[in-house]
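Trainee: Got a structure for you, questions after.
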Amino acid sequence: MKNIALYIHIPFCKQKCRYCDFPSFAGKENFRRDYIDALVKEILKKAKDYLITTIFIGGGTPSYLNDEELEYLLSNIKKLNVDNDYEFTVECNPGTLNYKKLKIMKDNGVNRLSIGLQSSKDSFLKSLGRIHTFEEFKENLEVARKVGFNNINVDLMFGLPNQTLEIWIETLKEIISLNLDHISAYSLIIEEGTQFYKLYEDGKLNLPSEEEERMMYEEGLKVLKDAGYNQYEISNFSKENKECKHNLVYWNLDEYLGCGVSASSYINNKRYKNIDSIDEYIKKINLEESILENIKENSIEDDMEEFVFMGLRKIKGIKKEDFYKRFNKDIHTVYEKIILKHIKNGLLVEDQDYISLTSKGIELSNYVMSDFILI
């Protein structure tokens with residue numbers, strides 16, 4: 001039985017955040033039960049022949065499902081073949097969590113939570129379009145621990161409108177004091193089609209400068225390191241043995257199956273993407289029609305590029321032996337000039353086993369990675 005990671009997409013939100021360009025929708029609750037029924041059909045059909053090593057239910061807001069919907073989804077996932085040491089994460093948002101939902105998750109095999117907080121300052125949460133307060137987050141965290149969750153991630157953002165370095169460091173210290181197992185810290189990106197994009201275009205977003213954002217990242221690294229968090233990816237930090245196994249599947253370019261609207265899969269060197277429309281998805285599943293929007297077969301060059309792009313996100317970098325095993329080629333025979341150029345410029349470093357970004361290289365990671373495109 002082949003190993004695979006499973007991603008499940010829940011596209012519903014109570015309210016759309018002002019920075020969000022993910023495939024998620026507010027005001028479509030009338031589709032929710034039919035969507036969960038269709039989703040379970042897809043999962044049981046596509047995942048039944050695999051051994052599942054990790055499961056990640058993302059969104060949207062999976063914790064926005066009601067008790068009955070959540071129980072139905074999770075109890076059906078339990079029918080799958082899972083690895084003895086599997087990791088099962090559910091994304092949650094404060095303001096949609098309670099004891100009952102957390103108990104349903106725990107009783108159905110969920111062993112990791114990823115809670116979207118973004119900031120510890122209520123004024124920032126409000127400006128981002130979040131539906132909760134920091135106090136609600138802390139209450140949810142306390143309940144999650146009482147229920148028995150001992151692997152909890154929190155998502156944070158920096159580079160927010162009106163945010164200063166001091167405010168960001170204060171937020172980090174407040175979160176560190178809560179002794180979370182994992183912290184994801186991302187810089188705000190203004191994406192087209194979001195409310196923030198329109199405000200930005202109209203000159204109404206007071207964003208930190210590039211230099212201020214760089215300082216936030218650098219100072220944040222120091223604070224997290226001093227608190228015992230190991231940086232294992234550009235934006236991810238964990239206590240010992242609490243790295244996110246599911247995300248490592250993506251960064252290692254391993255195979256995964258995606259179920260639900262807009263979900264992507266990578267299997268047998270092919271990339272699959274499901275359709276975006278919730279009502280079309282439900283109709284097609286019930287009529288047993290294809291829900292695939294497109295299929296793309298990766299060339300060997302595509303796989304090499306992606307292996308490098310994703311691998312360089314990891315702080316350890318790319319293991320040269322893994323590149324050779326995968327492609328039957330020494331990485332230097334493919335990328336010699338590019339590697340030497342970036343080593344010379346202080347953006348890459350190489351030892352006997354690994355090639356990785358330097359701290360300066362991390363700052364300029366998009367520039368470095370773009371150089372590895374094979375034309």
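Identifiers in this document derive from the order of the structure tokens: chains are assigned A, B, ..., residues are numbered from 1 separately in each chain, and ligands are numbered from 1 in order of occurrence.
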Need the shell around Thr171 (chain A): protein/DNA/RNA residues with any atom at most 7 Å away, counting only C-alpha atoms. Skip same-chain ones fewer than 3 positions apart. Format as a list of chain:residue names?

Mentor: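 Everything that qualifies: A:Ser119, A:Ser120, A:Ile167, A:Trp168, A:Glu174, A:Ile175.
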
Trainee: I want to know what sits within 9 Å of Ile169 (chain A), based on only C-alpha atoms, with residues of the same chain fewer than 5 positions away left out; could you give that as a list in words?

Mentor: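 Listing them by chain and then by number gives Thr164, Glu174, Met216, Glu219, Gly220 and Val223 of chain A.
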
Trainee: Please give the complete set of residues from region 29-175 of chain A that DSSP, run on the backbone, assigns to helix (DSSP H, G or I), formatted as a VMD selection string.

Mentor: chain A and resid 29 to 47 62 to 64 67 to 77 99 to 107 122 to 128 134 to 147 165 to 175

Trainee: Which one is closest to Asp226 (chain A): A:Ile176, A:Ser265, A:Glu289, A:Tyr250? Count only C-alpha atoms.

Mentor: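 Using only C-alpha atoms, Asp226 (chain A) sits closest to A:Ile176.
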
Trainee: Report as a Markdown table the residues of region 161-250 of chain A within 12 Å of region 53-75 of chain A, each with its shortest atom pair and distance in Å (one decimal), using only C-alpha atoms, ordered by chain and increasing residue number.

Mentor:
| residue | atom | partner | partner_atom | distance |
| --- | --- | --- | --- | --- |
| A:Cys244 | CA | A:Thr54 | CA | 9.5 |
| A:Lys245 | CA | A:Thr54 | CA | 7.0 |
| A:His246 | CA | A:Thr54 | CA | 5.5 |
| A:Asn247 | CA | A:Phe56 | CA | 9.0 |
| A:Leu248 | CA | A:Thr54 | CA | 10.1 |
| A:Val249 | CA | A:Thr54 | CA | 8.7 |
| A:Tyr250 | CA | A:Thr54 | CA | 11.5 |

Trainee: Please save N, CA, C and O atoms of the selected residues as a compact mmCIF listing (two decimals), in the first residue's frame.

Mentor:
# COMPACT_ATOMS: atom_id res chain seq x y z
N CYS A 244 5.92 20.39 11.71
CA CYS A 244 4.70 19.97 11.02
C CYS A 244 5.07 18.96 9.94
O CYS A 244 5.64 19.31 8.90
N LYS A 245 4.74 17.69 10.18
CA LYS A 245 5.08 16.62 9.22
C LYS A 245 4.37 16.81 7.89
O LYS A 245 4.91 16.50 6.83
N HIS A 246 3.14 17.32 7.94
CA HIS A 246 2.38 17.48 6.70
C HIS A 246 3.03 18.53 5.80
O HIS A 246 3.20 18.29 4.59
N ASN A 247 3.41 19.65 6.35
CA ASN A 247 4.04 20.68 5.51
C ASN A 247 5.40 20.23 4.98
O ASN A 247 5.80 20.62 3.89
N LEU A 248 6.08 19.38 5.75
CA LEU A 248 7.35 18.83 5.25
C LEU A 248 7.15 17.97 4.01
O LEU A 248 8.05 17.86 3.18
N VAL A 249 5.97 17.39 3.86
CA VAL A 249 5.65 16.64 2.64
C VAL A 249 5.76 17.57 1.43
O VAL A 249 6.36 17.22 0.41
N TYR A 250 5.19 18.78 1.54
CA TYR A 250 5.27 19.75 0.44
C TYR A 250 6.72 20.19 0.19
O TYR A 250 7.17 20.24 -0.95

Trainee: Could you tell me which of A:Leu102, A:Leu287, A:Leu292, A:Leu6 comes closest to Phe149 (chain A) if we count only C-alpha atoms?

Mentor: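 Smallest separation from Phe149 (chain A) among the options: A:Leu102.
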
Trainee: Contacts of Gly260 (chain A) at 8 Å or less, counting only C-alpha atoms, minus same-chain residues fewer than 6 places along, as a ChimeraX atom specification?

Mentor: /A:8-10,39,42,274,281

Trainee: Between CA of Asn241 (chain A) and CA of Ser187 (chain A), what is the spacing in Å?

Mentor: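 Spanning CA of Ser187 (chain A) to CA of Asn241 (chain A) is a straight-line distance of 24.7 Å.
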
Trainee: Which one is closest to Leu207 (chain A): A:Asp276, A:Gly159, A:Lys121, A:Lys341? Count only C-alpha atoms.

Mentor: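 Among A:Asp276, A:Gly159, A:Lys121, A:Lys341, it is A:Gly159 that comes nearest to Leu207 (chain A).
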
Trainee: Choose the residue, out of A:Asn252, A:Gln195, A:Ser123, A:Ser177, that has the smallest atom-to-atom separation from Phe323 (chain A); count only C-alpha atoms.

Mentor: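 Among the listed residues, A:Asn252 lies closest to Phe323 (chain A).
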
Trainee: Could you tell me how far CA of Asn269 (chain A) lies from CA of Glu297 (chain A), in Å and to one decimal?

Mentor: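 These atoms are spaced 6.1 Å apart.
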
Trainee: Could you check the closest approach to Glu218 (chain A) for each of A:Ile295, A:Leu165, A:Ile338, A:Leu51 and tell me which residue wins, using only C-alpha atoms?

Mentor: A:Leu165

Trainee: For a quick check of understanding, using only C-alpha atoms, which of A:Lys106, A:Ser359, A:His332, A:Ile115 has the smallest distance to Gln231 (chain A)?

Mentor: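 That would be A:Ser359, the residue with the smallest distance to Gln231 (chain A).
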
Trainee: With only C-alpha atoms as the counted atoms, please give the residues lying no more than 9 Å from region 20-31 of chain A, apart from itself and same-chain residues fewer than 2 positions off, as a PDB file with N, CA and C atoms, in the first residue's frame.

Mentor:
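What ended up in result_21.pdb:
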ATOM      1  N   ILE A  10     -11.950  22.764   3.457  1.00  0.00           N
ATOM      2  CA  ILE A  10     -13.256  23.263   3.909  1.00  0.00           C
ATOM      3  C   ILE A  10     -13.327  24.744   3.511  1.00  0.00           C
ATOM      4  N   PRO A  11     -14.184  25.102   2.558  1.00  0.00           N
ATOM      5  CA  PRO A  11     -14.117  26.460   1.994  1.00  0.00           C
ATOM      6  C   PRO A  11     -14.965  27.509   2.711  1.00  0.00           C
ATOM      7  N   PHE A  12     -15.554  27.170   3.856  1.00  0.00           N
ATOM      8  CA  PHE A  12     -16.503  28.085   4.497  1.00  0.00           C
ATOM      9  C   PHE A  12     -15.846  28.934   5.589  1.00  0.00           C
ATOM     10  N   CYS A  13     -16.239  30.188   5.644  1.00  0.00           N
ATOM     11  CA  CYS A  13     -15.803  31.107   6.697  1.00  0.00           C
ATOM     12  C   CYS A  13     -17.006  31.893   7.214  1.00  0.00           C
ATOM     13  N   LYS A  14     -16.945  32.249   8.480  1.00  0.00           N
ATOM     14  CA  LYS A  14     -17.994  33.100   9.049  1.00  0.00           C
ATOM     15  C   LYS A  14     -17.909  34.494   8.435  1.00  0.00           C
ATOM     16  N   GLN A  15     -16.659  34.928   8.227  1.00  0.00           N
ATOM     17  CA  GLN A  15     -16.412  36.245   7.631  1.00  0.00           C
ATOM     18  C   GLN A  15     -15.087  36.185   6.890  1.00  0.00           C
ATOM     19  N   LYS A  16     -15.022  36.791   5.727  1.00  0.00           N
ATOM     20  CA  LYS A  16     -13.787  36.778   4.927  1.00  0.00           C
ATOM     21  C   LYS A  16     -12.820  37.831   5.476  1.00  0.00           C
ATOM     22  N   CYS A  17     -11.590  37.419   5.774  1.00  0.00           N
ATOM     23  CA  CYS A  17     -10.592  38.373   6.262  1.00  0.00           C
ATOM     24  C   CYS A  17     -10.166  39.311   5.128  1.00  0.00           C
ATOM     25  N   ARG A  18      -9.734  40.498   5.486  1.00  0.00           N
ATOM     26  CA  ARG A  18      -9.504  41.547   4.483  1.00  0.00           C
ATOM     27  C   ARG A  18      -8.239  41.313   3.651  1.00  0.00           C
ATOM     28  N   ARG A  33     -23.836  21.348   4.498  1.00  0.00           N
ATOM     29  CA  ARG A  33     -24.113  19.927   4.743  1.00  0.00           C
ATOM     30  C   ARG A  33     -23.956  19.111   3.461  1.00  0.00           C
ATOM     31  N   ASP A  34     -24.479  19.630   2.337  1.00  0.00           N
ATOM     32  CA  ASP A  34     -24.349  18.904   1.067  1.00  0.00           C
ATOM     33  C   ASP A  34     -22.884  18.794   0.648  1.00  0.00           C
ATOM     34  N   TYR A  35     -22.122  19.851   0.963  1.00  0.00           N
ATOM     35  CA  TYR A  35     -20.691  19.830   0.630  1.00  0.00           C
ATOM     36  C   TYR A  35     -19.971  18.742   1.423  1.00  0.00           C
ATOM     37  N   ILE A  36     -20.248  18.655   2.712  1.00  0.00           N
ATOM     38  CA  ILE A  36     -19.594  17.642   3.557  1.00  0.00           C
ATOM     39  C   ILE A  36     -19.950  16.236   3.066  1.00  0.00           C
ATOM     40  N   GLY A  59      -8.566  25.430   5.292  1.00  0.00           N
ATOM     41  CA  GLY A  59      -9.680  26.199   4.756  1.00  0.00           C
ATOM     42  C   GLY A  59      -9.275  27.556   4.267  1.00  0.00           C
ATOM     43  N   GLY A  60     -10.285  28.443   4.267  1.00  0.00           N
ATOM     44  CA  GLY A  60     -11.506  28.408   5.034  1.00  0.00           C
ATOM     45  C   GLY A  60     -11.288  28.213   6.524  1.00  0.00           C
ATOM     46  N   THR A  61     -12.394  27.843   7.170  1.00  0.00           N
ATOM     47  CA  THR A  61     -12.374  27.632   8.616  1.00  0.00           C
ATOM     48  C   THR A  61     -13.030  26.299   8.950  1.00  0.00           C
ATOM     49  N   ILE A 190       0.176  41.584   0.168  1.00  0.00           N
ATOM     50  CA  ILE A 190      -1.043  42.205  -0.367  1.00  0.00           C
ATOM     51  C   ILE A 190      -1.394  41.524  -1.680  1.00  0.00           C
ATOM     52  N   GLU A 191      -2.449  40.724  -1.651  1.00  0.00           N
ATOM     53  CA  GLU A 191      -2.832  39.927  -2.816  1.00  0.00           C
ATOM     54  C   GLU A 191      -3.954  40.610  -3.594  1.00  0.00           C
ATOM     55  N   GLU A 192      -3.854  40.511  -4.913  1.00  0.00           N
ATOM     56  CA  GLU A 192      -4.885  41.088  -5.782  1.00  0.00           C
ATOM     57  C   GLU A 192      -6.245  40.457  -5.472  1.00  0.00           C
ATOM     58  N   GLY A 193      -7.281  41.277  -5.533  1.00  0.00           N
ATOM     59  CA  GLY A 193      -8.636  40.774  -5.315  1.00  0.00           C
ATOM     60  C   GLY A 193      -9.084  40.805  -3.876  1.00  0.00           C
ATOM     61  N   THR A 194      -8.190  41.186  -2.946  1.00  0.00           N
ATOM     62  CA  THR A 194      -8.563  41.273  -1.535  1.00  0.00           C
ATOM     63  C   THR A 194      -8.969  42.711  -1.188  1.00  0.00           C
ATOM     64  N   GLN A 195      -9.643  42.852  -0.047  1.00  0.00           N
ATOM     65  CA  GLN A 195     -10.016  44.203   0.425  1.00  0.00           C
ATOM     66  C   GLN A 195      -8.767  45.049   0.661  1.00  0.00           C
ATOM     67  N   PHE A 196      -7.732  44.414   1.206  1.00  0.00           N
ATOM     68  CA  PHE A 196      -6.483  45.147   1.464  1.00  0.00           C
ATOM     69  C   PHE A 196      -5.847  45.662   0.164  1.00  0.00           C
ATOM     70  N   VAL A 261     -13.144  21.330  -2.880  1.00  0.00           N
ATOM     71  CA  VAL A 261     -13.026  22.347  -3.925  1.00  0.00           C
ATOM     72  C   VAL A 261     -11.643  22.986  -3.870  1.00  0.00           C
ATOM     73  N   SER A 262     -11.106  23.283  -5.040  1.00  0.00           N
ATOM     74  CA  SER A 262      -9.819  23.980  -5.198  1.00  0.00           C
ATOM     75  C   SER A 262      -8.608  23.185  -4.709  1.00  0.00           C
ATOM     76  N   ASP A 276     -13.288  25.065  -8.570  1.00  0.00           N
ATOM     77  CA  ASP A 276     -13.425  26.041  -7.479  1.00  0.00           C
ATOM     78  C   ASP A 276     -14.865  26.240  -6.999  1.00  0.00           C
ATOM     79  N   ILE A 278     -18.353  25.608  -5.404  1.00  0.00           N
ATOM     80  CA  ILE A 278     -18.913  24.693  -4.401  1.00  0.00           C
ATOM     81  C   ILE A 278     -20.123  23.939  -4.957  1.00  0.00           C
ATOM     82  N   ASP A 279     -21.073  24.662  -5.579  1.00  0.00           N
ATOM     83  CA  ASP A 279     -22.284  23.991  -6.055  1.00  0.00           C
ATOM     84  C   ASP A 279     -21.981  23.035  -7.218  1.00  0.00           C
ATOM     85  N   ILE A 282     -20.464  19.829  -5.714  1.00  0.00           N
ATOM     86  CA  ILE A 282     -21.490  18.958  -5.113  1.00  0.00           C
ATOM     87  C   ILE A 282     -22.244  18.201  -6.213  1.00  0.00           C
TER      88      ILE A 282
END

Trainee: Residues within 8 Å of Tyr99 (chain A), please, as an mmCIF file with N, CA and C atoms, in the first residue's frame. Count only C-alpha atoms; anything in the same chain fewer than 3 positions from it doesn't count.

Mentor:
data_model
loop_
_atom_site.group_PDB
_atom_site.id
_atom_site.type_symbol
_atom_site.label_atom_id
_atom_site.label_comp_id
_atom_site.auth_asym_id
_atom_site.auth_seq_id
_atom_site.Cartn_x
_atom_site.Cartn_y
_atom_site.Cartn_z
ATOM 1 N N LEU A 102 -13.883 20.564 20.100
ATOM 2 C CA LEU A 102 -12.539 20.073 20.389
ATOM 3 C C LEU A 102 -12.573 18.610 20.837
ATOM 4 N N LYS A 103 -13.602 18.255 21.600
ATOM 5 C CA LYS A 103 -13.758 16.860 22.059
ATOM 6 C C LYS A 103 -14.061 15.954 20.869
ATOM 7 N N VAL A 143 -8.907 25.502 26.800
ATOM 8 C CA VAL A 143 -9.855 24.396 26.638
ATOM 9 C C VAL A 143 -9.212 23.270 25.828
ATOM 10 N N ALA A 144 -8.490 23.629 24.753
ATOM 11 C CA ALA A 144 -7.825 22.620 23.907
ATOM 12 C C ALA A 144 -6.859 21.782 24.735
ATOM 13 N N VAL A 147 -8.762 19.352 26.939
ATOM 14 C CA VAL A 147 -9.279 18.230 26.159
ATOM 15 C C VAL A 147 -8.166 17.221 25.865
#

Trainee: Could you pull the residues within 10 Å of Asp353 (chain A), counting only C-alpha atoms, minus those fewer than 3 positions along the same chain, as number ranges by chain?

Mentor: A: 316-322, 350

Trainee: Kindly export the residues of the current selection with N, CA, C and O atoms, as a compact mmCIF listing (two decimals), in the first residue's frame.

Mentor:
# COMPACT_ATOMS: atom_id res chain seq x y z
N LYS A 316 17.62 23.59 6.75
CA LYS A 316 18.69 22.62 6.44
C LYS A 316 19.05 22.68 4.96
O LYS A 316 20.16 22.36 4.57
N GLY A 317 18.07 23.02 4.13
CA GLY A 317 18.29 23.12 2.70
C GLY A 317 18.06 21.82 1.96
O GLY A 317 17.32 20.94 2.42
N ILE A 318 18.74 21.67 0.83
CA ILE A 318 18.58 20.51 -0.04
C ILE A 318 19.67 19.50 0.28
O ILE A 318 20.86 19.84 0.26
N LYS A 319 19.27 18.29 0.54
CA LYS A 319 20.26 17.23 0.74
C LYS A 319 20.69 16.75 -0.64
O LYS A 319 19.87 16.28 -1.44
N LYS A 320 21.98 16.87 -0.92
CA LYS A 320 22.49 16.55 -2.26
C LYS A 320 22.25 15.08 -2.62
O LYS A 320 21.92 14.76 -3.77
N GLU A 321 22.34 14.22 -1.63
CA GLU A 321 22.11 12.78 -1.86
C GLU A 321 20.66 12.53 -2.30
O GLU A 321 20.39 11.68 -3.15
N ASP A 322 19.72 13.28 -1.70
CA ASP A 322 18.30 13.13 -2.06
C ASP A 322 18.05 13.55 -3.51
O ASP A 322 17.25 12.93 -4.22
N GLU A 350 27.32 25.76 1.14
CA GLU A 350 27.34 24.33 0.84
C GLU A 350 28.31 23.62 1.76
O GLU A 350 29.41 24.11 2.02

Trainee: If you run DSSP on this backbone, which residues of region 44-186 of chain A come out as strand (DSSP E), and could you give them as a PyMOL selection string?

Mentor: chain A and resi 50-59+82-92+112-118+152-158+182-186

Trainee: What's the 8 Å shell around region 301-315 of chain A, counting only C-alpha atoms, without same-chain residues fewer than 6 positions away, as number ranges by chain?

Mentor: A: 231-234, 250-253, 269, 323, 327, 355-357, 369, 372-374

Trainee: Between CA of Arg271 (chain A) and CA of Val334 (chain A), measure the distance and give it in Å to one decimal.

Mentor: 23.1 Å
